[in-house]
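Visitor: One file is attached below, query.tsv, containing TSV, C-alpha atoms and all ligand atoms.
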```
chain	number	residue	atom	x	y	z
U	5	MET	CA	-22.15	19.52	9.92
U	6	SER	CA	-19.05	17.99	8.31
U	7	ALA	CA	-16.99	15.38	10.21
U	8	LEU	CA	-14.10	17.84	10.22
U	9	GLU	CA	-16.22	20.61	11.76
U	10	THR	CA	-17.10	18.25	14.63
U	11	ILE	CA	-13.42	17.38	15.12
U	12	ILE	CA	-12.46	21.08	15.18
U	13	LYS	CA	-15.27	22.03	17.58
U	14	ASN	CA	-14.29	19.22	19.97
U	15	GLU	CA	-10.70	20.39	19.90
U	16	ILE	CA	-11.79	23.97	20.67
U	17	LEU	CA	-14.05	22.79	23.51
U	18	HIS	CA	-11.10	20.89	25.04
U	19	ASN	CA	-8.20	23.27	24.36
U	20	GLY	CA	-9.82	26.68	23.86
U	21	PRO	CA	-9.92	28.84	20.70
U	22	MET	CA	-7.43	27.85	17.98
U	23	ASP	CA	-5.18	30.09	15.92
U	24	ILE	CA	-5.92	30.52	12.24
U	25	GLY	CA	-2.75	28.68	11.21
U	26	HIS	CA	-3.82	25.52	13.01
U	27	TYR	CA	-7.36	25.92	11.61
U	28	MET	CA	-6.01	26.24	8.04
U	29	ASN	CA	-3.78	23.21	8.58
U	30	LEU	CA	-6.76	21.11	9.63
U	31	CYS	CA	-9.14	22.42	6.94
U	32	LEU	CA	-6.65	21.91	4.12
U	33	GLY	CA	-4.48	19.06	5.31
U	34	HIS	CA	-6.35	16.92	7.88
U	35	PRO	CA	-5.19	13.36	6.99
U	36	GLN	CA	-8.77	12.07	6.38
U	37	HIS	CA	-10.94	15.12	5.81
U	38	GLY	CA	-8.62	17.92	4.60
U	39	TYR	CA	-9.72	19.86	1.53
U	40	TYR	CA	-6.68	18.95	-0.60
U	41	ILE	CA	-6.47	15.43	0.78
U	42	THR	CA	-9.94	14.45	-0.41
U	43	ARG	CA	-10.35	16.03	-3.85
U	44	ASP	CA	-9.21	17.50	-7.12
U	45	PRO	CA	-10.50	21.07	-6.63
U	46	PHE	CA	-9.78	22.51	-10.07
U	47	GLY	CA	-11.85	23.40	-13.11
U	48	LYS	CA	-15.33	24.63	-13.95
U	49	THR	CA	-16.99	21.94	-11.85
U	50	GLY	CA	-14.51	22.41	-9.01
U	51	ASP	CA	-13.92	25.43	-6.81
U	52	PHE	CA	-11.33	27.43	-8.75
U	53	VAL	CA	-9.24	27.51	-11.93
U	54	THR	CA	-5.48	28.00	-11.88
U	55	ALA	CA	-3.33	29.48	-14.65
U	56	PRO	CA	-1.95	26.15	-15.98
U	57	GLU	CA	-5.55	24.92	-16.27
U	58	VAL	CA	-6.59	28.06	-18.19
U	59	SER	CA	-4.20	27.45	-21.08
U	60	GLN	CA	-1.12	25.51	-22.18
U	61	MET	CA	0.45	28.90	-22.99
U	62	PHE	CA	1.12	29.48	-19.30
U	63	GLY	CA	3.18	26.30	-18.89
U	64	GLU	CA	4.94	26.95	-22.18
U	65	MET	CA	6.17	30.34	-20.96
U	66	ILE	CA	7.30	28.86	-17.63
U	67	GLY	CA	9.01	26.07	-19.57
U	68	ALA	CA	10.89	28.61	-21.69
U	69	TRP	CA	11.92	30.45	-18.49
U	70	ILE	CA	13.20	27.23	-16.90
U	71	ILE	CA	15.23	26.19	-19.96
U	72	ASP	CA	16.71	29.69	-20.17
U	73	THR	CA	17.54	29.69	-16.44
U	74	TRP	CA	19.14	26.23	-16.70
U	75	GLN	CA	21.31	27.57	-19.54
U	76	LYS	CA	22.24	30.62	-17.47
U	77	LEU	CA	23.27	28.29	-14.65
U	78	GLY	CA	25.77	26.79	-17.11
U	79	ALA	CA	23.53	23.98	-18.43
U	80	PRO	CA	24.48	21.49	-15.68
U	81	SER	CA	24.45	17.88	-16.96
U	82	SER	CA	22.38	16.83	-13.96
U	83	PHE	CA	19.89	19.01	-12.07
U	84	THR	CA	16.65	18.82	-10.10
U	85	LEU	CA	13.45	20.51	-11.17
U	86	LEU	CA	11.27	20.65	-8.07
U	87	GLU	CA	7.62	21.70	-8.32
U	88	CYS	CA	5.84	22.55	-5.09
U	89	GLY	CA	2.12	21.71	-5.10
U	90	ALA	CA	1.84	20.34	-8.63
U	91	GLY	CA	-1.97	20.16	-8.87
U	92	ARG	CA	-3.00	17.92	-11.76
U	93	GLY	CA	0.54	17.89	-13.20
U	94	THR	CA	-0.57	20.15	-16.04
U	95	LEU	CA	2.13	22.79	-15.55
U	96	MET	CA	4.95	20.23	-15.44
U	97	SER	CA	3.55	18.39	-18.43
U	98	ASP	CA	3.45	21.63	-20.50
U	99	ILE	CA	7.00	22.48	-19.35
U	100	MET	CA	8.30	19.09	-20.46
U	101	ARG	CA	6.53	19.34	-23.83
U	102	VAL	CA	8.38	22.61	-24.48
U	103	ALA	CA	11.65	21.00	-23.37
U	104	LYS	CA	11.27	18.03	-25.73
U	105	SER	CA	13.50	19.55	-28.39
U	106	VAL	CA	16.29	20.44	-25.93
U	107	SER	CA	17.80	16.98	-25.41
U	108	ASP	CA	20.62	18.12	-23.10
U	109	PHE	CA	17.93	19.53	-20.82
U	110	THR	CA	15.71	16.45	-20.87
U	111	ASN	CA	18.74	14.19	-20.25
U	112	ALA	CA	19.86	16.34	-17.32
U	113	VAL	CA	16.56	16.89	-15.53
U	114	GLN	CA	15.30	14.90	-12.55
U	115	ILE	CA	11.72	15.90	-11.73
U	116	LYS	CA	10.71	16.02	-8.07
U	117	LEU	CA	7.23	16.90	-6.87
U	118	LEU	CA	6.32	18.15	-3.42
U	119	GLU	CA	2.72	17.13	-2.85
U	120	THR	CA	0.50	16.06	0.04
U	121	SER	CA	-2.75	15.19	-1.75
U	122	PRO	CA	-3.18	11.49	-2.60
U	123	VAL	CA	-5.90	12.40	-5.12
U	124	LEU	CA	-3.62	14.86	-6.92
U	125	ILE	CA	-0.57	12.55	-6.73
U	126	LYS	CA	-2.64	10.03	-8.68
U	127	LYS	CA	-3.43	12.67	-11.35
U	128	GLN	CA	0.25	13.67	-11.44
U	129	GLN	CA	1.25	10.03	-11.92
U	130	GLU	CA	-1.10	9.80	-14.90
U	131	ALA	CA	0.14	13.05	-16.45
U	132	LEU	CA	3.86	12.64	-15.85
U	133	SER	CA	4.73	8.92	-15.82
U	134	ALA	CA	6.86	9.34	-18.98
U	135	TYR	CA	9.31	11.49	-16.99
U	136	SER	CA	9.70	9.21	-13.93
U	137	PRO	CA	9.20	11.92	-11.30
U	138	LYS	CA	9.71	11.33	-7.58
U	139	TRP	CA	7.22	12.45	-4.93
U	140	TYR	CA	7.90	13.97	-1.52
U	141	GLY	CA	5.54	14.89	1.30
U	142	SER	CA	7.83	17.50	2.82
U	143	LEU	CA	10.79	19.61	1.81
U	144	SER	CA	13.08	18.02	4.38
U	145	GLU	CA	12.74	14.65	2.60
U	146	VAL	CA	13.97	15.99	-0.75
U	147	ASP	CA	17.41	14.53	-1.40
U	148	LEU	CA	19.61	16.86	-3.42
U	149	ASN	CA	23.14	16.62	-4.71
U	150	ASP	CA	22.95	18.67	-7.88
U	151	PRO	CA	21.75	22.19	-8.82
U	152	LEU	CA	18.10	23.00	-8.26
U	153	ILE	CA	15.38	24.92	-10.06
U	154	VAL	CA	12.33	25.18	-7.82
U	155	ILE	CA	8.91	26.43	-8.96
U	156	GLY	CA	5.45	26.82	-7.48
U	157	ASN	CA	2.22	28.24	-8.85
U	158	GLU	CA	-0.51	28.99	-6.31
U	159	PHE	CA	1.38	26.95	-3.72
U	160	LEU	CA	2.51	29.55	-1.18
U	161	ASP	CA	-1.04	30.87	-0.66
U	162	ALA	CA	-2.06	27.49	0.77
U	163	LEU	CA	0.51	27.59	3.58
U	164	PRO	CA	-1.02	28.63	6.91
U	165	ILE	CA	-0.88	32.17	8.28
U	166	ARG	CA	-1.71	33.70	11.65
U	167	GLN	CA	-3.52	37.00	12.17
U	168	PHE	CA	-3.18	39.67	14.87
U	169	ARG	CA	-5.40	42.72	15.37
U	170	LYS	CA	-4.41	45.95	17.09
U	171	ASP	CA	-6.93	46.33	19.91
U	172	ASN	CA	-6.54	49.01	22.60
U	173	ASN	CA	-2.94	49.53	21.57
U	174	GLN	CA	-2.08	45.84	21.95
U	175	LEU	CA	-1.73	43.11	19.37
U	176	LYS	CA	-4.16	40.29	20.00
U	177	GLU	CA	-4.32	37.09	17.98
U	178	VAL	CA	-7.38	36.41	15.82
U	179	VAL	CA	-8.65	32.98	16.82
U	180	ILE	CA	-11.48	30.59	15.94
U	181	GLY	CA	-13.89	29.75	18.72
U	182	VAL	CA	-17.40	28.32	19.12
U	183	ASP	CA	-20.17	30.92	19.74
U	184	GLU	CA	-23.47	30.65	21.76
U	185	ASP	CA	-25.23	29.17	18.71
U	186	GLU	CA	-22.54	26.47	18.60
U	187	LYS	CA	-21.20	27.88	15.35
U	188	LEU	CA	-17.50	28.40	14.57
U	189	SER	CA	-16.69	32.09	14.70
U	190	LEU	CA	-13.72	34.43	14.49
U	191	GLY	CA	-12.78	36.39	17.59
U	192	LEU	CA	-9.83	37.86	19.43
U	193	SER	CA	-7.77	36.02	21.99
U	194	ASN	CA	-8.27	37.54	25.43
U	195	GLN	CA	-4.50	37.36	26.01
U	196	PRO	CA	-2.29	40.05	24.46
U	197	SER	CA	0.27	38.43	22.14
U	198	ASP	CA	3.97	38.73	22.84
U	199	ILE	CA	4.52	40.37	19.43
U	200	ASP	CA	4.92	44.16	19.27
U	201	ALA	CA	2.64	46.05	16.89
U	202	PRO	CA	4.53	47.69	13.99
U	203	LEU	CA	4.92	51.44	14.67
U	204	ASN	CA	2.69	52.65	11.84
U	205	MET	CA	-0.14	50.15	12.48
U	206	LYS	CA	-3.54	51.69	13.17
U	207	GLU	CA	-6.10	50.58	15.75
U	208	GLY	CA	-8.29	47.77	14.36
U	209	GLU	CA	-5.85	46.86	11.59
U	210	ILE	CA	-4.80	43.27	10.95
U	211	LEU	CA	-1.22	42.03	10.79
U	212	GLU	CA	-0.70	38.70	9.07
U	213	LEU	CA	2.35	36.62	9.86
U	214	ALA	CA	3.32	33.45	8.05
U	215	PRO	CA	5.92	31.64	10.14
U	216	ILE	CA	5.37	28.35	8.30
U	217	ARG	CA	5.66	29.97	4.87
U	218	ASN	CA	8.79	31.86	5.95
U	219	GLN	CA	10.32	28.65	7.31
U	220	PHE	CA	9.48	26.91	4.05
U	221	MET	CA	11.21	29.70	2.10
U	222	LYS	CA	14.23	29.58	4.41
U	223	THR	CA	14.61	25.83	3.74
U	224	VAL	CA	14.36	26.44	-0.02
U	225	LEU	CA	17.02	29.15	0.22
U	226	ASP	CA	19.31	26.86	2.24
U	227	MET	CA	18.93	24.21	-0.46
U	228	LEU	CA	19.79	26.75	-3.16
U	229	LYS	CA	22.81	28.06	-1.32
U	230	LYS	CA	24.12	24.53	-0.83
U	231	ASN	CA	23.44	23.22	-4.33
U	232	ARG	CA	23.28	26.39	-6.54
U	233	GLY	CA	20.19	27.20	-8.52
U	234	ALA	CA	17.15	29.40	-8.92
U	235	GLY	CA	13.49	29.59	-7.99
U	236	LEU	CA	10.23	31.00	-9.31
U	237	PHE	CA	7.05	31.49	-7.30
U	238	ILE	CA	3.81	32.80	-8.76
U	239	ASP	CA	0.86	33.68	-6.59
U	240	TYR	CA	-1.66	36.32	-5.66
U	241	GLY	CA	0.02	38.56	-3.20
U	242	TYR	CA	1.25	41.94	-2.13
U	243	ASN	CA	4.35	43.89	-1.25
U	244	GLN	CA	3.21	45.73	1.86
U	245	SER	CA	3.02	44.97	5.57
U	246	PHE	CA	-0.57	44.52	6.68
U	247	GLY	CA	-4.24	43.97	5.93
U	248	ASP	CA	-6.68	41.06	6.19
U	249	THR	CA	-6.30	38.77	3.16
U	250	LEU	CA	-7.63	35.49	4.53
U	251	GLN	CA	-10.22	34.04	2.17
U	252	ALA	CA	-12.27	30.94	1.52
U	253	ILE	CA	-13.54	29.89	-1.91
U	254	LYS	CA	-16.16	27.34	-2.84
U	255	ASP	CA	-17.79	26.88	-6.27
U	256	HIS	CA	-15.86	29.94	-7.57
U	257	LYS	CA	-17.37	32.20	-4.87
U	258	PHE	CA	-15.94	33.75	-1.71
U	259	ILE	CA	-17.54	32.42	1.48
U	260	PRO	CA	-16.85	33.04	5.22
U	261	VAL	CA	-13.76	31.09	6.37
U	262	THR	CA	-15.80	29.32	9.04
U	263	ASP	CA	-18.36	27.91	6.55
U	264	HIS	CA	-18.18	24.55	4.71
U	265	VAL	CA	-15.32	23.36	6.91
U	266	GLY	CA	-12.95	21.15	4.90
U	267	ASP	CA	-15.11	21.69	1.82
U	268	ALA	CA	-13.74	25.09	0.80
U	269	ASP	CA	-10.26	26.27	-0.16
U	270	ILE	CA	-8.80	28.58	2.49
U	271	THR	CA	-5.86	30.75	1.45
U	272	SER	CA	-4.27	34.11	2.03
U	273	HIS	CA	-2.54	36.56	-0.25
U	274	VAL	CA	1.20	36.00	-0.12
U	275	ASP	CA	3.30	38.54	1.76
U	276	PHE	CA	6.05	38.73	-0.85
U	277	LEU	CA	7.79	41.55	1.02
U	278	SER	CA	8.71	39.14	3.85
U	279	LEU	CA	9.95	36.54	1.38
U	280	ARG	CA	12.08	39.12	-0.43
U	281	LYS	CA	13.53	40.32	2.89
U	282	LEU	CA	14.37	36.73	3.74
U	283	CYS	CA	16.28	36.38	0.45
U	284	LYS	CA	18.29	39.50	1.26
U	285	GLN	CA	19.03	38.24	4.79
U	286	GLU	CA	20.21	34.92	3.41
U	287	GLY	CA	22.37	36.50	0.71
U	288	VAL	CA	20.22	35.07	-2.10
U	289	HIS	CA	19.58	37.29	-5.14
U	290	GLU	CA	15.91	38.18	-5.69
U	291	TYR	CA	14.03	39.49	-8.71
U	292	GLY	CA	10.62	41.10	-8.92
U	293	LEU	CA	7.98	41.49	-7.92
U	294	VAL	CA	6.52	41.73	-11.38
U	295	LYS	CA	2.92	41.38	-12.39
U	296	GLN	CA	2.04	38.07	-14.05
U	297	ALA	CA	0.96	40.11	-17.12
U	298	ASP	CA	4.40	41.73	-17.50
U	299	PHE	CA	6.23	38.47	-16.84
U	300	LEU	CA	4.27	36.42	-19.39
U	301	LYS	CA	4.32	39.18	-21.99
U	302	SER	CA	8.07	39.64	-21.75
U	303	LEU	CA	8.47	35.90	-22.28
U	304	GLY	CA	6.46	36.17	-25.50
U	305	ILE	CA	2.96	34.95	-24.65
U	306	VAL	CA	1.27	37.34	-27.10
U	307	THR	CA	3.36	36.04	-30.01
U	308	ARG	CA	2.71	32.46	-28.86
U	309	ALA	CA	-1.05	33.13	-28.95
U	310	GLN	CA	-0.74	34.50	-32.50
U	311	ILE	CA	1.14	31.39	-33.64
U	312	LEU	CA	-1.48	29.10	-32.08
U	313	LYS	CA	-4.26	31.12	-33.76
U	314	GLN	CA	-2.72	30.65	-37.21
U	315	LYS	CA	-3.65	26.96	-37.19
U	316	ALA	CA	-6.93	27.39	-35.30
U	317	THR	CA	-10.58	27.50	-36.36
U	318	SER	CA	-12.36	30.76	-35.58
U	319	ALA	CA	-13.98	29.23	-32.50
U	320	GLN	CA	-10.56	28.02	-31.30
U	321	SER	CA	-9.08	31.46	-32.02
U	322	GLY	CA	-11.74	33.08	-29.88
U	323	LYS	CA	-10.88	30.72	-27.03
U	324	ILE	CA	-7.12	31.39	-27.35
U	325	GLU	CA	-7.80	35.14	-27.18
U	326	LYS	CA	-10.09	34.70	-24.17
U	327	ASP	CA	-7.55	32.50	-22.35
U	328	LEU	CA	-4.75	34.97	-23.11
U	329	ASN	CA	-6.84	37.74	-21.64
U	330	ARG	CA	-7.59	35.63	-18.57
U	331	LEU	CA	-3.85	35.19	-17.95
U	332	VAL	CA	-2.64	38.72	-18.70
U	333	GLY	CA	-5.72	40.98	-18.46
U	334	LEU	CA	-5.17	43.49	-15.66
U	335	ASP	CA	-8.69	42.97	-14.34
U	336	GLU	CA	-8.23	39.18	-14.59
U	337	MET	CA	-5.12	37.28	-13.37
U	338	GLY	CA	-2.58	39.68	-14.89
U	339	LYS	CA	-2.28	42.17	-12.05
U	340	ILE	CA	-3.29	40.40	-8.86
U	341	PHE	CA	-0.87	37.53	-9.54
U	342	LYS	CA	2.78	38.40	-8.94
U	343	VAL	CA	5.98	36.67	-9.91
U	344	MET	CA	9.11	36.48	-7.78
U	345	ALA	CA	12.38	34.78	-8.63
U	346	PHE	CA	15.56	34.18	-6.70
U	347	SER	CA	18.95	32.61	-7.37
U	348	SER	CA	22.10	31.60	-5.55
U	349	GLU	CA	24.20	33.76	-7.86
U	350	PRO	CA	23.30	36.91	-9.84
U	351	LEU	CA	21.73	35.87	-13.16
U	352	PRO	CA	20.12	37.95	-15.91
U	353	LEU	CA	16.85	36.05	-15.44
U	354	ALA	CA	14.26	36.43	-18.21
U	355	GLY	CA	11.05	38.28	-17.42
U	356	PHE	CA	12.31	40.69	-14.80
U	357	SER	CA	13.61	43.56	-16.90
U	358	ILE	CA	10.35	45.53	-17.04
X	401	LIG	N1	0.26	24.39	-8.93
X	401	LIG	C1	-1.05	23.82	-9.24
X	401	LIG	C2	-1.91	23.58	-8.00
X	401	LIG	C3	-2.18	24.76	-7.10
X	401	LIG	S1	-3.25	24.36	-5.74
X	401	LIG	C4	-1.76	24.71	-10.25
X	401	LIG	O1	-1.35	25.84	-10.45
X	401	LIG	O2	-2.75	24.23	-10.83
X	401	LIG	C5	-2.14	24.00	-4.42
X	401	LIG	C6	-1.36	22.71	-4.56
X	401	LIG	O3	-0.50	22.59	-3.44
X	401	LIG	C7	-2.18	21.44	-4.60
X	401	LIG	O4	-1.54	20.51	-5.46
X	401	LIG	C8	-2.13	20.97	-3.15
X	401	LIG	O5	-2.42	19.61	-2.98
X	401	LIG	C9	-0.71	21.32	-2.80
X	401	LIG	N2	-0.44	21.54	-1.38
X	401	LIG	C10	-1.16	22.28	-0.50
X	401	LIG	N3	-0.55	22.33	0.70
X	401	LIG	C11	0.60	21.61	0.57
X	401	LIG	C12	1.68	21.29	1.46
X	401	LIG	N4	1.70	21.72	2.70
X	401	LIG	N5	2.71	20.56	0.96
X	401	LIG	C13	2.71	20.11	-0.33
X	401	LIG	N6	1.72	20.39	-1.20
X	401	LIG	C14	0.68	21.11	-0.76
```
Reformat the file's structure so that it appears as structure tokens.
Guide:
Amino acid sequence: MSALETIIKNEILHNGPMDIGHYMNLCLGHPQHGYYITRDPFGKTGDFVTAPEVSQMFGEMIGAWIIDTWQKLGAPSSFTLLECGAGRGTLMSDIMRVAKSVSDFTNAVQIKLLETSPVLIKKQQEALSAYSPKWYGSLSEVDLNDPLIVIGNEFLDALPIRQFRKDNNQLKEVVIGVDEDEKLSLGLSNQPSDIDAPLNMKEGEILELAPIRNQFMKTVLDMLKKNRGAGLFIDYGYNQSFGDTLQAIKDHKFIPVTDHVGDADITSHVDFLSLRKLCKQEGVHEYGLVKQADFLKSLGIVTRAQILKQKATSAQSGKIEKDLNRLVGLDEMGKIFKVMAFSSEPLPLAGFSI
């Protein structure tokens, strides 16, 4: 049993079953034993591969989008580029390589990184030292006095959610308890929740709510409204109201969320509908959702692959083609990953015309 599992079981024995949000927080972010706190999880030998780690073409397209958006914002002579959950720094490093030839952009940009993992901050320092980024552990610490472009790839899925199941016409919270065999297990709270079930929700169905993610988005939108700017979030997600999307991944395989505590990535699919509604409520313009495939293709990823192949050996060409398919193939990352953008003022943002 991992040290974190013991800590969680003790907490449950003292305080009763815990909600999934608190469980996710501990599994991912416990200060000593949290999944992201203790490791670099990416790559073939890790647990999963993200789009920037598949190919430089991904970061190049995002870089082109950011430069274009900065121009559409009037090419401010000073602005903040904030990346949420920057992983190994690969995406930002590919963005800045693309930006190298646009000196007004590179002179204007101040890179800020929102990151909680000491292991990944170290990797980001190695990858990005040339650009003197600044690191922040929470959004409220980010000091801003110029326009903002905020991005995040596979960041929102890591923010905790809570789940509620319709049981005998009442919504009850899904909680983690300890069963007779002293194993962690999912169950239902014996108290009805104070949340009303949506009208069209069927018996047994799961409603996921993400108060922390919504609060995060609200803070981002406040920052945009105050300072002007735009944002881009890419993640696996959906545009509907309910369903169980909680998942744990270890060694590239799905496992039960109560197994390998602190040693597996626990995420949920992002409820983009709620985030889009929030934009509307806050008077922020929103764009999307579009599939990652459509977004990357409209930014020119197929042409970029062709150009890269011109100088490549046949083995390299095969890899470029395979990576391209990984990013845009509809049975790969192309369809399940969605792209949403938002801006403080209406802008003809690239990639959202399809
Ligand atoms: N964007 C990167 C990494 C995605 S994994 C890529 O695409 O490769 C999720 C990232 O978010 C990791 O860097 C993780 O350490 C970070 N993270 C997770 N929860 C966080 C939180 N609450 N605040 C800041 N960063 C967080």
Visitor: Taking only C-alpha atoms and all ligand atoms into account, list the residues no farther than 6 Å from ligand LIG 401 (chain X), as JSON, numbers by chain.
Guide: {"U": [40, 54, 55, 56, 89, 90, 91, 118, 119, 120, 121, 156, 157, 158, 159, 162]}
Visitor: Find the residues around Met227 in chain U up to 10 Å (only C-alpha atoms counted), leave out those fewer than 6 positions away in its own chain, and share them as JSON, numbers by chain.
Guide: {"U": [143, 144, 146, 147, 148, 149, 151, 152, 154, 221, 233, 348]}
Visitor: Just want the 12 Å neighbourhood of Lys222 in chain U, counted on all atoms listed in the file, with same-chain residues fewer than 5 positions away dropped. Output as a ChimeraX atom specification.
Guide: /U:143-144,215-217,227-229,278-288
Visitor: Have a look at U:Phe62, U:Trp139, U:Phe237, U:Phe46 and name the one nearest to Val332 in chain U; count all atoms listed in the file.
Guide: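 That would be U:Phe62, the residue with the smallest distance to Val332 in chain U.
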Visitor: Can you tell me, as a PyMOL selection string, what residues are no more than 8 Å from Glu209 in chain U when counting all atoms listed in the file, ignoring any on the same chain fewer than 2 positions away?
Guide: chain U and resi 169-170+205-207+211+246-248
Visitor: Might you pull out every residue within 12 Å of range 253-269 of chain U, with only C-alpha atoms counted and same-chain residues fewer than 6 positions away left off, and present them as a count of residues only?
Guide: 53
Visitor: Looking at U:Lys295, U:Arg166, U:Arg101, U:Lys326, which one is nearest to Leu250 in chain U, with distances taken over only C-alpha atoms?
Guide: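 Distance minimum relative to Leu250 in chain U lands on U:Arg166.
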Visitor: Kindly give the distance, in Å, that separates CA of Asp108 in chain U and CA of Leu351 in chain U, rounded to a single decimal.
Guide: 20.4 Å
Visitor: Could you check the closest approach to Gln296 in chain U for each of U:Lys138, U:Lys76, U:Lys230, U:Lys342 and tell me which residue wins, using only C-alpha atoms?
Guide: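 Going through U:Lys138, U:Lys76, U:Lys230, U:Lys342 one by one, the smallest distance to Gln296 in chain U is for U:Lys342.
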Visitor: Which value, in Å to one decimal, gives the distance between CA of Phe109 in chain U and CA of Asp150 in chain U?
Guide: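 Interatomic distance here is 13.9 Å.
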Visitor: Adding 6 Å on each side of the box along x, y and z that holds all listed atoms of range 126-143 of chain U, could you give its centre and edge lengths in Å to one decimal, as JSON?
Guide:
```
{"center_x": 3.7, "center_y": 14.3, "center_z": -8.1, "size_x": 26.2, "size_y": 22.7, "size_z": 33.8}
```
Visitor: Under the rule that all atoms listed in the file are counted, which of U:Phe83, U:Gly355, U:Cys88, U:Gly93 is the nearest residue to Ile125 in chain U?
Guide: U:Gly93
Visitor: Just how far from CA of Ile153 in chain U is CA of Ser136 in chain U, in Å to one decimal?
Guide: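 Atom-to-atom, CA of Ser136 in chain U to CA of Ile153 in chain U, that is 17.1 Å.
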Visitor: For each of U:Pro196, U:Pro350, U:Ile71, U:Leu175, take the minimum atom-to-atom distance to Met100 in chain U, counting all atoms listed in the file, then give the residue where this is smallest.
Guide: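 Checking each candidate against Met100 in chain U, we get U:Ile71 as the closest.
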